[in-house]
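Dumped query.tsv below, it's TSV, C-alpha atoms:
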```
chain	number	residue	atom	x	y	z
A	1	MET	CA	-165.70	-55.17	-196.44
A	2	ASN	CA	-163.57	-52.25	-197.63
A	3	SER	CA	-163.77	-50.37	-200.88
A	4	PHE	CA	-160.01	-50.71	-201.29
A	5	VAL	CA	-160.09	-53.00	-204.26
A	6	HIS	CA	-158.56	-51.53	-207.32
A	7	ALA	CA	-155.56	-53.70	-207.93
A	8	ARG	CA	-156.24	-57.08	-209.44
A	9	LYS	CA	-154.55	-59.93	-207.66
A	10	THR	CA	-151.23	-60.53	-209.38
A	11	ASP	CA	-147.81	-61.74	-208.33
A	12	SER	CA	-147.11	-58.11	-207.37
A	13	ASP	CA	-149.76	-58.41	-204.65
A	14	ALA	CA	-147.64	-58.42	-201.50
A	15	ARG	CA	-150.13	-60.76	-199.82
A	16	LEU	CA	-149.37	-63.56	-202.26
A	17	ALA	CA	-145.64	-63.80	-201.49
A	18	ASP	CA	-146.39	-63.37	-197.81
A	19	ALA	CA	-148.98	-66.18	-197.94
A	20	ARG	CA	-146.50	-68.54	-199.60
A	21	ARG	CA	-143.87	-67.81	-196.94
A	22	PHE	CA	-146.42	-68.25	-194.19
A	23	VAL	CA	-147.63	-71.64	-195.41
A	24	SER	CA	-144.05	-72.84	-195.69
A	25	ASP	CA	-143.27	-71.60	-192.16
A	26	VAL	CA	-146.33	-73.22	-190.59
A	27	GLU	CA	-145.64	-76.51	-192.35
A	28	SER	CA	-142.02	-76.58	-191.26
A	29	SER	CA	-142.52	-75.42	-187.69
A	30	PRO	CA	-145.47	-76.73	-185.66
A	31	SER	CA	-144.85	-74.24	-182.85
A	32	HIS	CA	-145.08	-71.28	-185.22
A	33	ALA	CA	-147.56	-68.46	-184.99
A	34	GLN	CA	-148.07	-66.93	-181.58
A	35	ARG	CA	-147.87	-63.49	-183.27
A	36	ILE	CA	-148.92	-63.34	-186.88
A	37	THR	CA	-148.17	-60.42	-189.19
A	38	GLY	CA	-150.21	-59.65	-192.28
A	39	PRO	CA	-149.59	-57.14	-195.08
A	40	ASP	CA	-151.94	-55.19	-197.29
A	41	ARG	CA	-151.61	-55.77	-201.02
A	42	THR	CA	-149.04	-52.95	-201.40
A	43	GLY	CA	-146.86	-54.32	-198.60
A	44	THR	CA	-146.64	-50.87	-196.99
A	45	ALA	CA	-149.27	-51.47	-194.28
A	46	TRP	CA	-148.90	-54.28	-191.74
A	47	ALA	CA	-150.82	-55.62	-188.78
A	48	VAL	CA	-150.10	-58.17	-186.07
A	49	VAL	CA	-152.64	-60.46	-184.38
A	50	ASP	CA	-152.27	-63.26	-181.85
A	51	SER	CA	-152.92	-66.92	-182.61
A	52	VAL	CA	-156.70	-66.48	-182.37
A	53	GLY	CA	-156.80	-63.30	-184.42
A	54	ARG	CA	-156.94	-60.68	-181.65
A	55	PHE	CA	-155.44	-57.33	-182.57
A	56	VAL	CA	-151.88	-56.77	-181.31
A	57	ASP	CA	-150.31	-53.99	-183.36
A	58	ILE	CA	-150.43	-52.13	-186.66
A	59	GLY	CA	-148.04	-49.97	-188.67
A	60	LEU	CA	-146.89	-48.43	-191.92
A	61	ARG	CA	-143.65	-48.93	-193.80
A	62	PRO	CA	-141.73	-46.29	-195.78
A	63	GLY	CA	-143.40	-45.77	-199.14
A	64	TRP	CA	-146.96	-45.89	-197.80
A	65	TRP	CA	-147.72	-42.40	-199.02
A	66	ASP	CA	-146.86	-43.25	-202.63
A	67	ALA	CA	-148.59	-46.63	-202.48
A	68	LEU	CA	-151.73	-45.67	-200.56
A	69	GLY	CA	-151.91	-41.91	-200.01
A	70	SER	CA	-154.43	-40.35	-197.70
A	71	ASP	CA	-157.42	-41.84	-199.54
A	72	ASP	CA	-156.48	-45.51	-199.21
A	73	VAL	CA	-154.27	-45.65	-196.14
A	74	ALA	CA	-157.08	-46.53	-193.70
A	75	ALA	CA	-158.41	-49.28	-195.94
A	76	GLY	CA	-154.84	-50.54	-196.45
A	77	LEU	CA	-154.35	-50.84	-192.70
A	78	ILE	CA	-157.60	-52.79	-192.33
A	79	GLU	CA	-156.69	-55.00	-195.27
A	80	ALA	CA	-153.43	-55.82	-193.47
A	81	LEU	CA	-155.41	-56.67	-190.34
A	82	GLU	CA	-157.71	-58.93	-192.38
A	83	SER	CA	-154.66	-60.64	-193.91
A	84	ALA	CA	-153.22	-61.30	-190.48
A	85	ARG	CA	-156.57	-62.64	-189.21
A	86	MET	CA	-156.94	-64.82	-192.26
A	87	LYS	CA	-153.50	-66.31	-191.61
A	88	ALA	CA	-154.37	-66.96	-187.95
A	89	ALA	CA	-157.60	-68.66	-189.00
A	90	LEU	CA	-155.76	-70.84	-191.51
A	91	VAL	CA	-153.20	-72.23	-189.05
A	92	PRO	CA	-155.41	-75.09	-187.74
A	93	LEU	CA	-156.36	-75.98	-191.28
A	94	LEU	CA	-152.73	-76.03	-192.45
A	95	ARG	CA	-151.66	-78.12	-189.49
A	96	ARG	CA	-154.46	-80.60	-190.04
A	97	ARG	CA	-153.50	-80.84	-193.69
A	98	ASN	CA	-149.92	-81.43	-192.65
A	99	GLY	CA	-150.87	-84.24	-190.27
A	100	THR	CA	-149.92	-82.33	-187.09
A	101	PRO	CA	-151.97	-83.85	-184.25
A	102	GLN	CA	-154.89	-81.62	-183.29
A	103	LYS	CA	-156.45	-81.23	-179.89
A	104	PRO	CA	-159.27	-83.77	-179.74
A	105	ASP	CA	-162.78	-82.38	-179.93
A	106	THR	CA	-164.29	-82.02	-176.50
A	107	ILE	CA	-167.93	-82.69	-175.77
A	108	GLY	CA	-170.12	-79.82	-174.63
A	109	THR	CA	-171.20	-80.18	-171.02
A	110	LEU	CA	-173.85	-78.70	-168.78
A	111	THR	CA	-172.82	-77.61	-165.31
A	112	PRO	CA	-175.63	-78.60	-162.94
A	113	LEU	CA	-177.45	-75.75	-161.25
A	114	PRO	CA	-177.20	-76.06	-157.47
A	115	ASP	CA	-180.47	-77.51	-156.16
A	116	LEU	CA	-182.87	-75.01	-154.65
A	117	PRO	CA	-183.74	-75.73	-151.01
A	118	SER	CA	-186.84	-77.85	-150.36
A	119	PRO	CA	-190.09	-75.88	-150.90
A	120	ASP	CA	-190.79	-76.36	-147.18
A	121	ALA	CA	-187.52	-74.67	-146.13
A	122	ALA	CA	-187.58	-71.14	-144.72
A	123	ASP	CA	-185.05	-69.90	-147.28
A	124	PHE	CA	-186.77	-71.46	-150.31
A	125	LEU	CA	-188.48	-68.31	-151.58
A	126	ASP	CA	-185.33	-66.19	-151.24
A	127	ALA	CA	-183.31	-68.79	-153.13
A	128	ALA	CA	-185.96	-69.05	-155.87
A	129	ARG	CA	-186.07	-65.26	-156.21
A	130	GLY	CA	-182.26	-65.24	-156.41
A	131	ARG	CA	-182.37	-67.72	-159.29
A	132	ILE	CA	-185.00	-65.69	-161.10
A	133	ALA	CA	-182.92	-62.51	-160.62
A	134	GLU	CA	-179.82	-64.26	-161.96
A	135	ALA	CA	-181.79	-65.43	-165.02
A	136	TYR	CA	-182.93	-61.84	-165.67
A	137	ARG	CA	-179.33	-60.66	-165.35
A	138	LEU	CA	-178.31	-63.14	-168.07
A	139	ILE	CA	-181.21	-62.04	-170.28
A	140	ASP	CA	-180.46	-58.34	-169.80
A	141	GLU	CA	-176.76	-58.85	-170.53
A	142	ALA	CA	-177.60	-60.79	-173.71
A	143	GLY	CA	-180.04	-58.06	-174.77
A	144	LYS	CA	-177.42	-55.37	-174.24
A	145	ARG	CA	-174.86	-57.28	-176.30
A	146	MET	CA	-177.40	-57.90	-179.05
A	147	ARG	CA	-178.29	-54.20	-179.23
A	148	GLU	CA	-174.60	-53.27	-179.35
A	149	ARG	CA	-174.11	-55.79	-182.14
A	150	GLN	CA	-176.89	-54.27	-184.20
A	151	ALA	CA	-176.04	-50.60	-183.64
A	152	PRO	CA	-173.54	-49.00	-186.02
A	153	ARG	CA	-170.98	-46.77	-184.33
A	154	VAL	CA	-167.74	-44.94	-185.04
A	155	VAL	CA	-164.56	-45.64	-183.09
A	156	ALA	CA	-162.17	-42.76	-183.68
A	157	GLY	CA	-158.57	-42.23	-182.72
A	158	PRO	CA	-158.00	-39.21	-180.47
A	159	ARG	CA	-155.82	-37.37	-183.00
A	160	GLY	CA	-158.53	-37.08	-185.63
A	161	LEU	CA	-156.58	-39.03	-188.26
A	162	PHE	CA	-158.24	-42.45	-188.27
A	163	ARG	CA	-161.68	-43.83	-187.57
A	164	LEU	CA	-163.49	-47.12	-187.82
A	165	HIS	CA	-167.13	-47.66	-188.74
A	166	VAL	CA	-168.17	-50.76	-186.84
A	167	ARG	CA	-171.24	-52.82	-186.08
A	168	GLY	CA	-170.78	-54.81	-182.91
A	169	GLY	CA	-167.14	-55.82	-183.02
A	170	ARG	CA	-167.06	-56.05	-186.78
A	171	ILE	CA	-165.30	-53.44	-188.88
A	172	GLU	CA	-167.47	-52.34	-191.78
A	173	ARG	CA	-165.01	-49.78	-193.11
A	174	ALA	CA	-162.19	-47.48	-192.08
A	175	GLU	CA	-161.28	-43.99	-193.15
A	176	ALA	CA	-158.60	-41.40	-192.55
A	177	GLY	CA	-159.93	-38.27	-190.98
A	178	PRO	CA	-161.65	-36.08	-190.19
A	179	ARG	CA	-158.23	-34.41	-190.46
A	180	ARG	CA	-156.58	-35.44	-193.73
A	181	PRO	CA	-153.20	-37.09	-193.02
A	182	THR	CA	-150.02	-35.89	-194.72
A	183	PRO	CA	-146.75	-37.80	-195.33
A	184	GLY	CA	-145.42	-36.25	-192.13
A	185	ASP	CA	-148.26	-37.74	-190.05
A	186	THR	CA	-147.05	-41.36	-190.18
A	187	GLU	CA	-146.47	-41.81	-186.45
A	188	ARG	CA	-149.60	-39.94	-185.41
A	189	LEU	CA	-151.73	-41.78	-187.95
A	190	VAL	CA	-150.44	-45.18	-186.84
A	191	ALA	CA	-150.93	-44.23	-183.18
A	192	ASP	CA	-154.50	-43.21	-183.95
A	193	ALA	CA	-155.22	-46.49	-185.77
A	194	ARG	CA	-153.64	-48.43	-182.89
A	195	ASP	CA	-155.77	-46.60	-180.33
A	196	ALA	CA	-159.00	-47.12	-182.27
A	197	LEU	CA	-158.33	-50.84	-182.81
A	198	THR	CA	-157.30	-51.31	-179.18
A	199	GLU	CA	-160.53	-49.65	-178.08
A	200	LEU	CA	-162.53	-51.94	-180.37
A	201	ALA	CA	-160.64	-55.03	-179.16
A	202	ARG	CA	-161.31	-54.09	-175.53
A	203	GLY	CA	-165.07	-54.30	-176.05
A	204	ARG	CA	-164.71	-57.51	-178.03
A	205	ASP	CA	-162.59	-59.33	-175.47
A	206	ASP	CA	-165.28	-58.79	-172.84
A	207	THR	CA	-167.78	-60.75	-174.90
A	208	LEU	CA	-165.60	-63.55	-176.15
A	209	GLY	CA	-165.36	-66.91	-174.50
A	210	VAL	CA	-168.49	-66.56	-172.40
A	211	TRP	CA	-170.61	-68.66	-174.72
A	212	ARG	CA	-168.04	-71.44	-174.90
A	213	SER	CA	-167.64	-72.01	-171.15
B	1	MET	CA	-198.62	-63.65	-150.61
B	2	ALA	CA	-194.83	-63.98	-150.87
B	3	ALA	CA	-195.23	-67.34	-152.60
B	4	ASP	CA	-197.75	-65.81	-154.99
B	5	GLY	CA	-195.26	-63.09	-155.89
B	6	ALA	CA	-192.51	-65.63	-156.56
B	7	PHE	CA	-194.90	-67.72	-158.67
B	8	ARG	CA	-195.83	-64.66	-160.71
B	9	ALA	CA	-192.17	-63.63	-161.16
B	10	ALA	CA	-191.21	-67.16	-162.22
B	11	THR	CA	-194.06	-67.31	-164.75
B	12	GLU	CA	-193.08	-63.94	-166.21
B	13	LEU	CA	-189.48	-65.16	-166.45
B	14	LEU	CA	-190.62	-68.13	-168.55
B	15	GLN	CA	-192.48	-65.84	-170.95
B	16	GLU	CA	-189.52	-63.47	-171.18
B	17	ALA	CA	-186.99	-66.28	-171.63
B	18	ALA	CA	-189.07	-67.87	-174.41
B	19	GLY	CA	-189.17	-64.60	-176.37
B	20	ARG	CA	-185.51	-63.76	-175.87
B	21	LEU	CA	-184.31	-67.28	-176.65
B	22	SER	CA	-186.33	-67.25	-179.86
B	23	ASP	CA	-184.78	-63.87	-180.86
B	24	ALA	CA	-181.26	-65.04	-179.98
B	25	TRP	CA	-181.73	-68.24	-182.00
B	26	GLN	CA	-182.87	-66.27	-185.06
B	27	GLN	CA	-179.84	-64.02	-184.62
B	28	LEU	CA	-177.45	-66.94	-184.30
B	29	ALA	CA	-178.85	-68.73	-187.35
B	30	GLU	CA	-178.58	-65.51	-189.37
B	31	SER	CA	-174.99	-64.85	-188.26
B	32	VAL	CA	-173.88	-68.41	-188.99
B	33	ARG	CA	-175.48	-68.34	-192.44
B	34	ASP	CA	-173.68	-65.06	-193.09
B	35	LEU	CA	-170.37	-66.62	-192.02
B	36	ILE	CA	-171.02	-69.55	-194.38
B	37	GLU	CA	-171.74	-67.10	-197.19
B	38	ARG	CA	-168.53	-65.17	-196.48
B	39	SER	CA	-166.60	-68.43	-196.57
B	40	ARG	CA	-168.04	-69.17	-199.99
B	41	LEU	CA	-167.11	-65.67	-201.15
B	42	LEU	CA	-163.58	-66.12	-199.86
B	43	LEU	CA	-163.09	-68.87	-202.37
B	44	ARG	CA	-164.52	-66.84	-205.22
B	45	ALA	CA	-163.51	-63.23	-204.54
B	46	ASP	CA	-159.98	-63.37	-203.20
B	47	GLY	CA	-157.61	-65.53	-205.16
B	48	VAL	CA	-154.67	-65.15	-202.79
B	49	TRP	CA	-155.29	-68.09	-200.48
B	50	PRO	CA	-156.74	-70.66	-202.89
B	51	ALA	CA	-153.69	-69.95	-205.06
B	52	VAL	CA	-151.35	-70.82	-202.19
B	53	VAL	CA	-153.36	-73.56	-200.48
B	54	PRO	CA	-154.88	-75.54	-203.35
B	55	ASP	CA	-157.04	-77.75	-201.14
B	56	LEU	CA	-158.49	-74.73	-199.31
B	57	PRO	CA	-161.77	-74.90	-201.28
B	58	ALA	CA	-162.22	-78.54	-200.29
B	59	GLN	CA	-161.40	-77.82	-196.65
B	60	VAL	CA	-163.71	-74.83	-196.46
B	61	GLY	CA	-166.40	-76.79	-198.29
B	62	GLU	CA	-166.10	-79.52	-195.66
B	63	ALA	CA	-166.39	-76.94	-192.87
B	64	ILE	CA	-169.45	-75.39	-194.55
B	65	THR	CA	-171.14	-78.79	-194.65
B	66	ALA	CA	-170.29	-79.40	-190.99
B	67	VAL	CA	-171.57	-76.01	-189.82
B	68	ASP	CA	-174.70	-76.28	-191.93
B	69	GLY	CA	-175.36	-79.70	-190.39
B	70	LEU	CA	-174.87	-78.28	-186.89
B	71	LEU	CA	-177.43	-75.55	-187.56
B	72	GLY	CA	-179.84	-78.28	-188.62
B	73	ARG	CA	-179.06	-80.23	-185.46
B	74	LEU	CA	-179.50	-77.19	-183.18
B	75	GLY	CA	-182.89	-76.17	-184.57
B	76	PRO	CA	-185.16	-78.95	-183.24
B	77	GLY	CA	-183.59	-78.84	-179.76
B	78	VAL	CA	-183.96	-75.06	-179.50
B	79	GLU	CA	-187.55	-75.24	-180.74
B	80	ARG	CA	-188.37	-77.87	-178.12
B	81	ILE	CA	-187.01	-75.70	-175.33
B	82	ILE	CA	-188.87	-72.61	-176.60
B	83	GLU	CA	-192.09	-74.64	-176.88
B	84	LEU	CA	-191.61	-75.96	-173.37
B	85	LEU	CA	-191.02	-72.48	-171.93
B	86	ARG	CA	-194.17	-71.19	-173.68
B	87	ALA	CA	-196.28	-74.21	-172.77
B	88	VAL	CA	-195.35	-74.09	-169.08
B	89	ALA	CA	-195.90	-70.31	-168.94
B	90	GLY	CA	-199.23	-70.79	-170.74
B	91	ARG	CA	-200.39	-73.40	-168.25
B	92	ALA	CA	-199.37	-71.16	-165.37
B	93	ALA	CA	-201.39	-68.18	-166.58
B	94	PRO	CA	-204.82	-69.50	-165.46
B	95	VAL	CA	-203.33	-70.30	-162.06
B	96	LEU	CA	-202.14	-66.70	-161.80
B	97	SER	CA	-205.70	-65.45	-162.18
B	98	LEU	CA	-206.86	-67.90	-159.52
B	99	MET	CA	-204.33	-66.42	-157.19
B	100	GLU	CA	-206.29	-63.24	-157.01
B	101	THR	CA	-208.84	-65.17	-154.97
B	102	ALA	CA	-208.78	-67.10	-151.74
B	103	ILE	CA	-208.68	-70.36	-153.73
B	104	SER	CA	-205.00	-69.69	-154.34
B	105	ARG	CA	-204.18	-70.62	-150.74
B	106	TRP	CA	-205.48	-74.08	-151.43
B	107	LEU	CA	-202.91	-74.47	-154.24
B	108	GLY	CA	-199.99	-73.54	-151.98
B	109	PRO	CA	-197.89	-76.72	-151.70
B	110	ALA	CA	-198.03	-77.61	-155.40
B	111	ARG	CA	-197.23	-74.01	-156.28
B	112	ALA	CA	-193.93	-74.00	-154.39
B	113	GLY	CA	-192.74	-76.99	-156.43
B	114	ASN	CA	-193.80	-75.14	-159.56
B	115	VAL	CA	-191.82	-72.06	-158.56
B	116	ALA	CA	-188.64	-74.15	-158.32
B	117	TYR	CA	-189.31	-75.80	-161.68
B	118	PHE	CA	-190.18	-72.52	-163.38
B	119	ALA	CA	-187.12	-70.75	-161.96
B	120	ASP	CA	-184.77	-73.54	-163.10
B	121	LEU	CA	-186.38	-73.75	-166.54
B	122	GLY	CA	-186.32	-69.96	-166.95
B	123	HIS	CA	-182.67	-69.89	-165.91
B	124	LEU	CA	-181.86	-72.57	-168.46
B	125	GLY	CA	-183.56	-70.51	-171.19
B	126	ALA	CA	-181.73	-67.35	-170.07
B	127	ASP	CA	-178.37	-69.13	-170.04
B	128	LEU	CA	-178.88	-70.43	-173.57
B	129	THR	CA	-179.97	-66.96	-174.70
B	130	GLY	CA	-176.65	-65.50	-173.52
B	131	ARG	CA	-174.69	-68.27	-175.22
B	132	PHE	CA	-176.55	-67.87	-178.50
B	133	VAL	CA	-175.92	-64.12	-178.56
B	134	GLY	CA	-172.23	-64.74	-177.81
B	135	ALA	CA	-172.06	-67.35	-180.58
B	136	ALA	CA	-173.75	-64.93	-183.01
B	137	ILE	CA	-171.23	-62.18	-182.20
B	138	GLU	CA	-168.39	-64.65	-182.59
B	139	ALA	CA	-169.73	-65.75	-185.98
B	140	ASP	CA	-169.92	-62.11	-187.08
B	141	GLU	CA	-166.31	-61.53	-186.14
B	142	THR	CA	-164.84	-64.80	-187.36
B	143	ALA	CA	-162.68	-64.59	-190.47
B	144	ALA	CA	-164.11	-66.55	-193.36
B	145	ALA	CA	-161.35	-69.17	-193.13
B	146	GLY	CA	-162.04	-69.51	-189.39
B	147	LEU	CA	-165.16	-71.53	-190.11
B	148	LEU	CA	-163.37	-74.78	-189.28
B	149	ALA	CA	-162.46	-73.62	-185.76
B	150	TYR	CA	-165.92	-72.12	-185.31
B	151	ALA	CA	-167.48	-75.49	-186.14
B	152	GLY	CA	-165.85	-77.02	-183.06
B	153	ASP	CA	-167.34	-74.37	-180.79
B	154	LEU	CA	-170.75	-74.68	-182.44
B	155	ARG	CA	-170.65	-78.45	-181.97
B	156	ARG	CA	-170.15	-77.98	-178.23
B	157	LEU	CA	-173.07	-75.55	-178.16
B	158	ALA	CA	-175.23	-78.14	-179.94
B	159	ASP	CA	-174.17	-80.74	-177.33
B	160	ARG	CA	-175.23	-78.30	-174.63
B	161	VAL	CA	-178.63	-77.77	-176.21
B	162	ASP	CA	-179.18	-81.54	-176.43
B	163	LEU	CA	-178.29	-81.86	-172.74
B	164	SER	CA	-180.57	-78.94	-171.88
B	165	VAL	CA	-183.51	-80.63	-173.59
B	166	ARG	CA	-182.85	-83.78	-171.55
B	167	ARG	CA	-182.48	-81.84	-168.34
B	168	ALA	CA	-185.73	-79.92	-168.88
B	169	ALA	CA	-187.52	-83.22	-169.50
B	170	ASP	CA	-186.04	-84.69	-166.29
B	171	TRP	CA	-187.22	-81.67	-164.29
B	172	ALA	CA	-190.74	-82.06	-165.71
B	173	THR	CA	-190.73	-85.73	-164.69
B	174	ASP	CA	-189.58	-84.80	-161.19
B	175	LEU	CA	-192.33	-82.21	-160.91
B	176	GLN	CA	-194.99	-84.69	-162.00
B	177	ARG	CA	-193.70	-87.13	-159.38
B	178	LEU	CA	-193.79	-84.39	-156.74
B	179	SER	CA	-197.33	-83.43	-157.68
B	180	GLY	CA	-198.26	-87.07	-157.22
```
In structure tokens, what does this structure look like?
Amino acid sequence: MNSFVHARKTDSDARLADARRFVSDVESSPSHAQRITGPDRTGTAWAVVDSVGRFVDIGLRPGWWDALGSDDVAAGLIEALESARMKAALVPLLRRRNGTPQKPDTIGTLTPLPDLPSPDAADFLDAARGRIAEAYRLIDEAGKRMRERQAPRVVAGPRGLFRLHVRGGRIERAEAGPRRPTPGDTERLVADARDALTELARGRDDTLGVWRS
Amino acid sequence: MAADGAFRAATELLQEAAGRLSDAWQQLAESVRDLIERSRLLLRADGVWPAVVPDLPAQVGEAITAVDGLLGRLGPGVERIIELLRAVAGRAAPVLSLMETAISRWLGPARAGNVAYFADLGHLGADLTGRFVGAAIEADETAAAGLLAYAGDLRRLADRVDLSVRRAADWATDLQRLSG
């Protein structure tokens, strides 16, 4: 996803030690993981997601400038977010492996449509037209979401220090700018990243869950 | 004339729903295949998690098999619904041309039953279209290791499609009974 891939994975990769701790925590505490923090490989960028991977917060630790600099800081932040999401996604798998009882699979159901009035009834045509209009509303909404999904766009923080290139709700890459951050911009840069990711999450939350109901 | 207008609108809905459902299905299949591919890459490209969770490849492999099987299960049901939407709309088209003449009045009672059937069937297609687009977006945004959780949601969607096929068949039977 990001071009931030210079360092080979070694024991100095901060994600490795973090992953080991995380697995141990999940295995020892079934109620773990309402808020999950993930690091980038340098350990100087971090992100927090909830148990289903929704963005909660993001930040930088001291030393980020030396470890990432202005060129890699945006990718480092997104790598931290990916680490956190990966951990959230792994929780069910780790619990299953550990024998923790899982919620049983439910069977998909179909809510019956209310019957239309009898074709002889005075209100039949209005009711039928209402059903047709509702169907078109569903089709139009799906079309809008599909177009949004296909269209690339940029979600930028208001301070000009961080922007996301996204397609639908998916982050394709991140970059610092258009204003190049300096070591003194830590708080503003983090605030910009937080704003951009919150904006992206807002659009995403509107679409989630509808298809599962 | 009002009934004619409703019949026309319901027929157009069937045509629209067939096209949109077909597009949404293609989109969903593409997004799920992409998620499967990302899950495979996870095991190859990033050594962090397989190094810490040694059975991760087996678990993800199991989830890939499950999701692949669900795609295979969804396909025939979706195709049946799309075929039904197109077939019913196709049969209605000649009736639409008849409506331009006085003969259409003679078809009145049967047509009202058709309007109800068409509206319900079109709504079913529209509802599935929305769900498929939602499922495609979800697949796009699911982390590679989230495939296992995604499989549960996809299974429920497959159940829904199976039930939709049965329901559409029941409606067709009811309509035939009504038409005597």
Enumerate, as a compact mmCIF listing (two decimals) with C-alpha atoms, in the frame of the given file, the protein, DNA and RNA residues whose atoms approach (-183.3, -73.5, -164.8) to within 10 Å, taking into account all atoms listed in the file and the coordinate frame of the file.
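Now in result.txt:
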```txt
# COMPACT_ATOMS: atom_id res chain seq x y z
CA PRO A 112 -175.63 -78.60 -162.94
CA LEU A 113 -177.45 -75.75 -161.25
CA PRO A 114 -177.20 -76.06 -157.47
CA ASP A 115 -180.47 -77.51 -156.16
CA ARG A 131 -182.37 -67.72 -159.29
CA ILE A 132 -185.00 -65.69 -161.10
CA ALA A 135 -181.79 -65.43 -165.02
CA LEU B 14 -190.62 -68.13 -168.55
CA ALA B 116 -188.64 -74.15 -158.32
CA TYR B 117 -189.31 -75.80 -161.68
CA PHE B 118 -190.18 -72.52 -163.38
CA ALA B 119 -187.12 -70.75 -161.96
CA ASP B 120 -184.77 -73.54 -163.10
CA LEU B 121 -186.38 -73.75 -166.54
CA GLY B 122 -186.32 -69.96 -166.95
CA HIS B 123 -182.67 -69.89 -165.91
CA LEU B 124 -181.86 -72.57 -168.46
CA GLY B 125 -183.56 -70.51 -171.19
CA ALA B 126 -181.73 -67.35 -170.07
CA ASP B 127 -178.37 -69.13 -170.04
CA SER B 164 -180.57 -78.94 -171.88
CA ARG B 167 -182.48 -81.84 -168.34
CA ALA B 168 -185.73 -79.92 -168.88
CA TRP B 171 -187.22 -81.67 -164.29
```
Hey, what's within 12 Å of A:Ala19 if we count all atoms listed in the file and toss same-chain stuff fewer than 4 positions away? As a list of chain:residue names, please?
-> A:Asp11, A:Asp13, A:Ala14, A:Arg15, A:Val23, A:Ser24, A:Asp25, A:Val26, A:Ile36, A:Thr37, A:Gly38, A:Pro39, A:Asp40, A:Arg41, A:Ser83, A:Ala84, A:Met86, A:Lys87, A:Ala88, A:Leu90, A:Val91, A:Leu94, B:Gly47, B:Val48, B:Trp49, B:Pro50, B:Ala51, B:Val52, B:Val53
Top pick for closest residue to chain A, considering B:Ser39, B:Thr11, B:Thr129, B:Ser22 and counting only C-alpha atoms =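 The answer is B:Thr129, which sits nearest to chain A.
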Exercise answer, chain B residues close to chain A, 8 Å and all atoms listed in the file, as a ChimeraX atom specification | /B:2-3,6,9-10,13,17,20,46-49,52-53,59,109,112-113,115-116,119-120,122-124,126-127,129-135,137-138,140-141,143-146,148-149,152-153,155-160,163-164
Between atom CA of A:Ala196 and atom CA of B:Gln27, distance in Å (one decimal) =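 Distance between the two atoms: 26.9 Å.
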How many Å lie between atom CA of B:Leu154 and atom CA of B:Val67, rounded to one decimal?
->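 The value is 7.5 Å.
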For the point (-180.1, -78.9, -184.7) in the file's frame, write as a PyMOL selection string all residues with an atom no more than 12 Å away, counting only C-alpha atoms.
-> chain B and resi 25+29+66-80+154-162+165
Some atoms are absent from stretch 32-43 of chain B, so rebuild N, CA and C atoms and return them as a short mmCIF file (atom, residue, chain, number, x, y, z; two decimals), in the frame of the given file.
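What follows is the written file result32.cif:
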```cif
data_model
loop_
_atom_site.label_atom_id
_atom_site.label_comp_id
_atom_site.auth_asym_id
_atom_site.auth_seq_id
_atom_site.Cartn_x
_atom_site.Cartn_y
_atom_site.Cartn_z
N VAL B 32 -174.61 -67.24 -188.50
CA VAL B 32 -173.88 -68.41 -188.99
C VAL B 32 -174.06 -68.54 -190.50
N ARG B 33 -175.28 -68.27 -190.98
CA ARG B 33 -175.48 -68.34 -192.44
C ARG B 33 -174.63 -67.28 -193.16
N ASP B 34 -174.51 -66.12 -192.51
CA ASP B 34 -173.68 -65.06 -193.09
C ASP B 34 -172.21 -65.48 -193.12
N LEU B 35 -171.76 -66.13 -192.06
CA LEU B 35 -170.37 -66.62 -192.02
C LEU B 35 -170.15 -67.66 -193.13
N ILE B 36 -171.13 -68.54 -193.30
CA ILE B 36 -171.02 -69.55 -194.38
C ILE B 36 -170.92 -68.85 -195.74
N GLU B 37 -171.75 -67.81 -195.91
CA GLU B 37 -171.74 -67.10 -197.19
C GLU B 37 -170.39 -66.41 -197.40
N ARG B 38 -169.84 -65.82 -196.35
CA ARG B 38 -168.53 -65.17 -196.48
C ARG B 38 -167.45 -66.19 -196.81
N SER B 39 -167.58 -67.38 -196.27
CA SER B 39 -166.60 -68.43 -196.57
C SER B 39 -166.67 -68.81 -198.05
N ARG B 40 -167.90 -68.87 -198.56
CA ARG B 40 -168.04 -69.17 -199.99
C ARG B 40 -167.42 -68.06 -200.84
N LEU B 41 -167.66 -66.81 -200.41
CA LEU B 41 -167.11 -65.67 -201.15
C LEU B 41 -165.59 -65.66 -201.13
N LEU B 42 -165.04 -66.08 -199.99
CA LEU B 42 -163.58 -66.12 -199.86
C LEU B 42 -162.98 -66.92 -201.01
N LEU B 43 -163.64 -68.00 -201.33
CA LEU B 43 -163.09 -68.87 -202.37
C LEU B 43 -163.25 -68.26 -203.76
#
```
